[in-house]
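Asker: One structure coming up, written as structure tokens, with questions to follow.
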Amino acid sequence: MGGYERLRADVVDRKLCTFCGACISACLLRHLEWAGEPLRTERKAACEDCLICYEACPVRGEIGDDEVFGEKRRDRFLGVYRRIVAARSEDEEVVRNAQDGGVVSTILKHLMKSYVDGAIVVRKQDGWAPLPSVAKDVDDVLAAGKTKFGISPNLMLIRDAVLDDYLDRICVVGMPCHVRGVRHLQRMKFELAPAIKFVIGLFCRENYEYDALRRYVESIMHDISAVRKFSVVEDAMLVHFDDETLSIPITEVKKWVPRHCLLCEDFASELADISVGCDGSPEGFSTVIIRTEHGERVFTEIEEEGLLKTTSADLSTIRDIAKRKKEKAEQTSRIYALRDENKSVEEIAEQLGIEQSTVIHRLEKY
Ligand SMILES: Cc1cc2nc3c(=O)[nH]c(=O)nc-3n(C[C@H](O)[C@H](O)[C@H](O)COP(=O)(O)OP(=O)(O)OC[C@H]3O[C@@H](n4cnc5c(N)ncnc54)[C@H](O)[C@@H]3O)c2cc1C
Ligand code: SF4
Ligand code: SF4
Ligand code: SF4
């Protein structure tokens, strides 16, 4: 079996794909494309003896902390880190275009001064659909500010950034699943991996299907292009317009969580150089987890230049969210394993000691 056939059989057809895009970049012959999932439209002779796209897939194996950091974690839920702070950009233009404290955009602007020539980021298209893109200057960074919910195969652009745009020093911004994809490409010594100089990971409880979100906003007679930003609080998704804020109940939003997110254990982008999110910080600030030596050097430079103001972050909040995400992933995988054994909803609920409604909800994506 060739690499692509294995990728399909072991990952895509088993519904394990996180849509990170790594396999698409890995095929330097460009036989794979993005079609809502990685797709090879026709069988190629080169695929006969090639396993590259299969080997590039991060879903196939765990990555140990020591492979990235040279040490094991002391914090079971947040991973290896050097320090955690809450921060907000001092640059008003950045903050205006940002989701929270504008920390991601501030780090990118700083990196572009001397460490990287470009970054893989996510812009929006046709309303708020995520569009992976290569930022080459500060305007591109600002245009990518704010959170776009939906699947975004960011890593497919590593190949284009290096081979088409001739960038040999790039930063990747992504979700925890993208960060794992990058670390896996580095571990497998993918030819283009040396170009990845910095990894910024976002926090992520879960993602949502963009089309479902768009349909909902349109069904309540609102134009999604007029949305200023989306944010998620404990019991709702907030849709911010210039003159009003709508609230979508979390029970509705939960229906749009893709299957692979129900099985995902990583909240805090545990393998990034620096991780950024909003949980654990006051309104308008971002929580920043500085993990690597390189991350520490870059963040300290930014602080010393006065580009950010910082305050303390609430560690117990983020640790609790990270813990709950791991527990939920474990629970989902046990529900699916019992379903594989043809157990009924009642039997699964009884065996795991959980509500039947929880089992029913998870099985909607089984
Ligand atoms: C799908 C999703 C779920 C999230 N869930 C949580 C959560 O549960 N808890 C939490 O604390 N934080 C979460 N975040 C992170 C949070 O929304 C902010 O991105 C983070 O606080 C950084 O804010 P900022 O102002 O520093 O970023 P900005 O300076 O505004 O920069 C935002 C960056 O996010 C990138 N980006 C936007 N959309 C995507 C996407 N779909 N995939 C990859 N990169 C993207 C852009 O490239 C941009 O560089 C989530 C983000 C996303 C995209
Ligand atoms: S040439 Fe190799 S990497 Fe490319 S699609 Fe075929 S098997 Fe995958
Ligand atoms: S590399 Fe990423 S996009 Fe490709 S099959 Fe694996 S998880 Fe899916
Ligand atoms: S929940 Fe996990 S798989 Fe889903 S987008 Fe977030 S990091 Fe990726």
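Just remember, in the structure tokens the first chain shown is A, the second B, etc., residues are 1-based per chain, and ligands are 1-based in the order shown.
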When you look at A:Ile196 with a cut-off of 7 Å (counting only C-alpha atoms), what residues show up, excluding the ones that are within fewer than 2 positions of it in the same chain? I need them as a PDB file with C-alpha atoms, in the first residue's frame.
Answerer:
ATOM      1  CA  ARG A 169      12.679  31.668   8.174  1.00  0.00           C
ATOM      2  CA  ILE A 170       9.018  31.404   9.097  1.00  0.00           C
ATOM      3  CA  CYS A 171       6.804  31.442  12.163  1.00  0.00           C
ATOM      4  CA  ALA A 193      11.170  21.926   8.600  1.00  0.00           C
ATOM      5  CA  PRO A 194      14.436  23.842   9.236  1.00  0.00           C
ATOM      6  CA  PHE A 198       9.145  29.885  15.811  1.00  0.00           C
TER       7      PHE A 198
END
Asker: Excluding A:Asp139 and its own-chain neighbours fewer than 6 positions away, which residues fall within 12 Å of it when counting only C-alpha atoms? Please give them as a PyMOL selection string.
Answerer: chain A and resi 93-94+97+105+108-109+112+118+123+145
Asker: What does the list of residues within 8 Å of ligand 3 look like if you count only C-alpha atoms and all ligand atoms, written as a list of chain:residue names?
Answerer: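 Using only C-alpha atoms and all ligand atoms, I find these residues within 8 Å of ligand 3: A:Leu7, A:Arg8, A:Val11, A:Val12, A:Leu16, A:Cys17, A:Thr18, A:Phe19, A:Cys20, A:Gly21, A:Ala22, A:Cys23, A:Ile24, A:Glu37, A:Pro38, A:Cys53, A:Tyr54, A:Ala56, A:Cys57, A:Pro58, A:Val59, A:Arg60, A:Pro153, A:Leu155, A:Gly181.
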Asker: Within 6 Å of ligand 2, which residues of chain A show up? Give each one with its shortest atom-to-atom distance in Å (one decimal) and the two atoms involved, counting only C-alpha atoms and all ligand atoms, rows by chain then rising residue number, as a tab-separated table.
Answerer:
residue	atom	partner	partner_atom_place_in_ligand_line	distance
A:Gly2	CA	ligand 2	7 (S)	5.6
A:Gly3	CA	ligand 2	7 (S)	4.0
A:Tyr4	CA	ligand 2	8 (Fe)	4.6
A:Cys27	CA	ligand 2	3 (S)	4.0
A:Leu29	CA	ligand 2	4 (Fe)	6.0
A:His31	CA	ligand 2	5 (S)	4.9
A:Leu32	CA	ligand 2	5 (S)	5.5
A:Ala46	CA	ligand 2	1 (S)	4.9
A:Cys47	CA	ligand 2	6 (Fe)	3.6
A:Cys50	CA	ligand 2	2 (Fe)	4.3
A:Leu51	CA	ligand 2	7 (S)	5.1
A:Ile52	CA	ligand 2	3 (S)	4.4
A:Cys53	CA	ligand 2	3 (S)	4.1
Asker: Check every protein, DNA and RNA residue against ligand 1, keep those with an atom at most 8 Å away (counting only C-alpha atoms and all ligand atoms), and present them as JSON, numbers by chain.
Answerer: {"A": [88, 94, 95, 97, 98, 99, 100, 101, 102, 103, 104, 105, 106, 108, 120, 121, 122, 123, 130, 132, 141, 142, 144, 145, 146, 147, 148, 149, 150, 151, 152, 154, 173, 174, 175, 178, 202, 203, 204, 205, 206, 207, 208, 231, 232, 267, 276, 277, 278, 279, 280, 284, 285, 286, 287, 318]}
Asker: Using DSSP secondary structure from the backbone, list all strand (DSSP E) positions within stretch 300-356 of chain A, as a list in words.
Answerer: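 The residues of stretch 300-356 of chain A classed as strand (DSSP E) are Leu308, Lys309, Thr310 and Thr311 of chain A.
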Asker: Write a file of the just-selected residues containing N, CA and C atoms, as an mmCIF file, in the first residue's frame.
Answerer:
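Dumped everything to out_8.cif:
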data_model
loop_
_atom_site.group_PDB
_atom_site.id
_atom_site.type_symbol
_atom_site.label_atom_id
_atom_site.label_comp_id
_atom_site.auth_asym_id
_atom_site.auth_seq_id
_atom_site.Cartn_x
_atom_site.Cartn_y
_atom_site.Cartn_z
ATOM 1 N N LEU A 308 4.490 45.774 25.457
ATOM 2 C CA LEU A 308 3.380 45.096 26.144
ATOM 3 C C LEU A 308 3.302 45.566 27.578
ATOM 4 N N LYS A 309 2.092 45.597 28.147
ATOM 5 C CA LYS A 309 2.023 45.707 29.609
ATOM 6 C C LYS A 309 1.585 44.344 30.141
ATOM 7 N N THR A 310 2.105 43.986 31.293
ATOM 8 C CA THR A 310 1.807 42.649 31.822
ATOM 9 C C THR A 310 1.240 42.719 33.243
ATOM 10 N N THR A 311 0.513 41.688 33.575
ATOM 11 C CA THR A 311 0.012 41.532 34.944
ATOM 12 C C THR A 311 -0.065 40.027 35.203
#
Asker: Which neighbours of A:Val239 fall inside 8 Å, counting only C-alpha atoms, when residues of the same chain fewer than 4 positions from it are skipped, and could you give them as a PyMOL selection string?
Answerer: chain A and resi 227-231+245-248
Asker: Rank nothing, just name the residue among A:Leu167, A:Val68, A:Leu111, A:Leu262 nearest to A:Gln186, using only C-alpha atoms.
Answerer: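 Closest to A:Gln186 of all the choices is A:Val68.
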Asker: Tell me which of A:Glu92, A:Glu301, A:Asp160, A:Glu270 sits closest to ligand 4, counting only C-alpha atoms and all ligand atoms.
Answerer: A:Glu270
Asker: Of the candidates A:Lys136, A:Arg291, A:Arg159, A:Lys328, which shows the shortest atom-to-atom distance to A:Val85, using only C-alpha atoms?
Answerer: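 Under the stated criterion, the closest residue is A:Arg291.
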Asker: Just list as an MDAnalysis selection string whatever in stretch 14-111 of chain A DSSP marks as helix (DSSP H, G or I).
Answerer: chainID A and resid 22:26 45:47 52:55 58:60 65:69 92:96 103:111
Asker: Just N, CA and C atoms for this one: save the residues we selected as a short mmCIF file (atom, residue, chain, number, x, y, z; two decimals), in the first residue's frame.
Answerer:
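That gives us out_24.cif:
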data_model
loop_
_atom_site.label_atom_id
_atom_site.label_comp_id
_atom_site.auth_asym_id
_atom_site.auth_seq_id
_atom_site.Cartn_x
_atom_site.Cartn_y
_atom_site.Cartn_z
N ALA A 22 -0.47 19.15 7.18
CA ALA A 22 0.95 18.76 7.12
C ALA A 22 1.25 17.84 5.93
N CYS A 23 0.34 16.89 5.68
CA CYS A 23 0.60 15.93 4.60
C CYS A 23 0.67 16.62 3.24
N ILE A 24 -0.10 17.69 3.09
CA ILE A 24 -0.13 18.39 1.79
C ILE A 24 1.22 19.07 1.55
N SER A 25 1.75 19.71 2.57
CA SER A 25 3.09 20.32 2.44
C SER A 25 4.16 19.25 2.22
N ALA A 26 3.98 18.10 2.86
CA ALA A 26 5.02 17.07 2.81
C ALA A 26 5.21 16.51 1.41
N ALA A 45 2.59 7.71 -10.36
CA ALA A 45 3.63 6.69 -10.31
C ALA A 45 4.53 6.88 -9.10
N ALA A 46 4.80 8.13 -8.76
CA ALA A 46 5.70 8.43 -7.64
C ALA A 46 5.18 7.86 -6.32
N CYS A 47 3.88 7.61 -6.25
CA CYS A 47 3.30 7.14 -4.99
C CYS A 47 3.62 5.66 -4.70
N ILE A 52 5.86 9.31 2.23
CA ILE A 52 6.12 10.59 2.88
C ILE A 52 4.88 11.23 3.50
N CYS A 53 3.77 11.30 2.75
CA CYS A 53 2.60 11.98 3.31
C CYS A 53 2.07 11.23 4.54
N TYR A 54 2.19 9.91 4.49
CA TYR A 54 1.74 9.11 5.64
C TYR A 54 2.63 9.38 6.87
N GLU A 55 3.94 9.40 6.60
CA GLU A 55 4.87 9.63 7.71
C GLU A 55 4.77 11.04 8.27
N PRO A 58 0.79 13.81 11.95
CA PRO A 58 1.05 13.80 13.40
C PRO A 58 0.11 12.93 14.20
N VAL A 59 -1.01 12.55 13.58
CA VAL A 59 -2.01 11.77 14.31
C VAL A 59 -1.48 10.37 14.65
N ARG A 60 -0.42 9.96 13.93
CA ARG A 60 0.03 8.59 14.07
C ARG A 60 0.83 8.31 15.33
N ASP A 65 7.31 15.36 25.62
CA ASP A 65 7.85 16.69 25.98
C ASP A 65 9.35 16.75 25.75
N ASP A 66 10.04 15.66 26.09
CA ASP A 66 11.51 15.70 26.00
C ASP A 66 11.99 15.83 24.56
N GLU A 67 11.16 15.41 23.58
CA GLU A 67 11.57 15.56 22.18
C GLU A 67 11.59 17.04 21.77
N VAL A 68 10.78 17.84 22.43
CA VAL A 68 10.70 19.27 22.08
C VAL A 68 11.51 20.12 23.05
N PHE A 69 11.39 19.81 24.34
CA PHE A 69 11.98 20.68 25.36
C PHE A 69 13.22 20.08 26.02
N GLU A 92 -2.01 50.62 19.94
CA GLU A 92 -3.47 50.71 19.78
C GLU A 92 -3.96 50.16 18.44
N GLU A 93 -3.13 50.29 17.40
CA GLU A 93 -3.53 49.75 16.09
C GLU A 93 -3.63 48.22 16.16
N VAL A 94 -2.68 47.62 16.87
CA VAL A 94 -2.71 46.16 17.05
C VAL A 94 -3.95 45.77 17.83
N VAL A 95 -4.21 46.44 18.94
CA VAL A 95 -5.35 46.07 19.79
C VAL A 95 -6.67 46.22 19.04
N ARG A 96 -6.79 47.27 18.23
CA ARG A 96 -8.02 47.49 17.44
C ARG A 96 -8.31 46.31 16.52
N VAL A 103 -1.55 40.08 21.70
CA VAL A 103 -0.21 39.56 21.99
C VAL A 103 0.35 38.79 20.79
N VAL A 104 -0.50 38.00 20.13
CA VAL A 104 -0.01 37.22 18.99
C VAL A 104 0.52 38.18 17.91
N SER A 105 -0.25 39.21 17.59
CA SER A 105 0.19 40.14 16.54
C SER A 105 1.44 40.89 16.97
N THR A 106 1.54 41.21 18.26
CA THR A 106 2.73 41.92 18.75
C THR A 106 3.98 41.04 18.63
N ILE A 107 3.83 39.76 18.98
CA ILE A 107 4.98 38.85 18.86
C ILE A 107 5.37 38.73 17.38
N LEU A 108 4.36 38.59 16.52
CA LEU A 108 4.66 38.45 15.08
C LEU A 108 5.38 39.69 14.55
N LYS A 109 4.90 40.87 14.94
CA LYS A 109 5.55 42.11 14.47
C LYS A 109 7.01 42.13 14.92
N HIS A 110 7.25 41.73 16.16
CA HIS A 110 8.62 41.73 16.68
C HIS A 110 9.48 40.68 15.96
N LEU A 111 8.93 39.49 15.78
CA LEU A 111 9.70 38.43 15.10
C LEU A 111 10.11 38.88 13.71
#
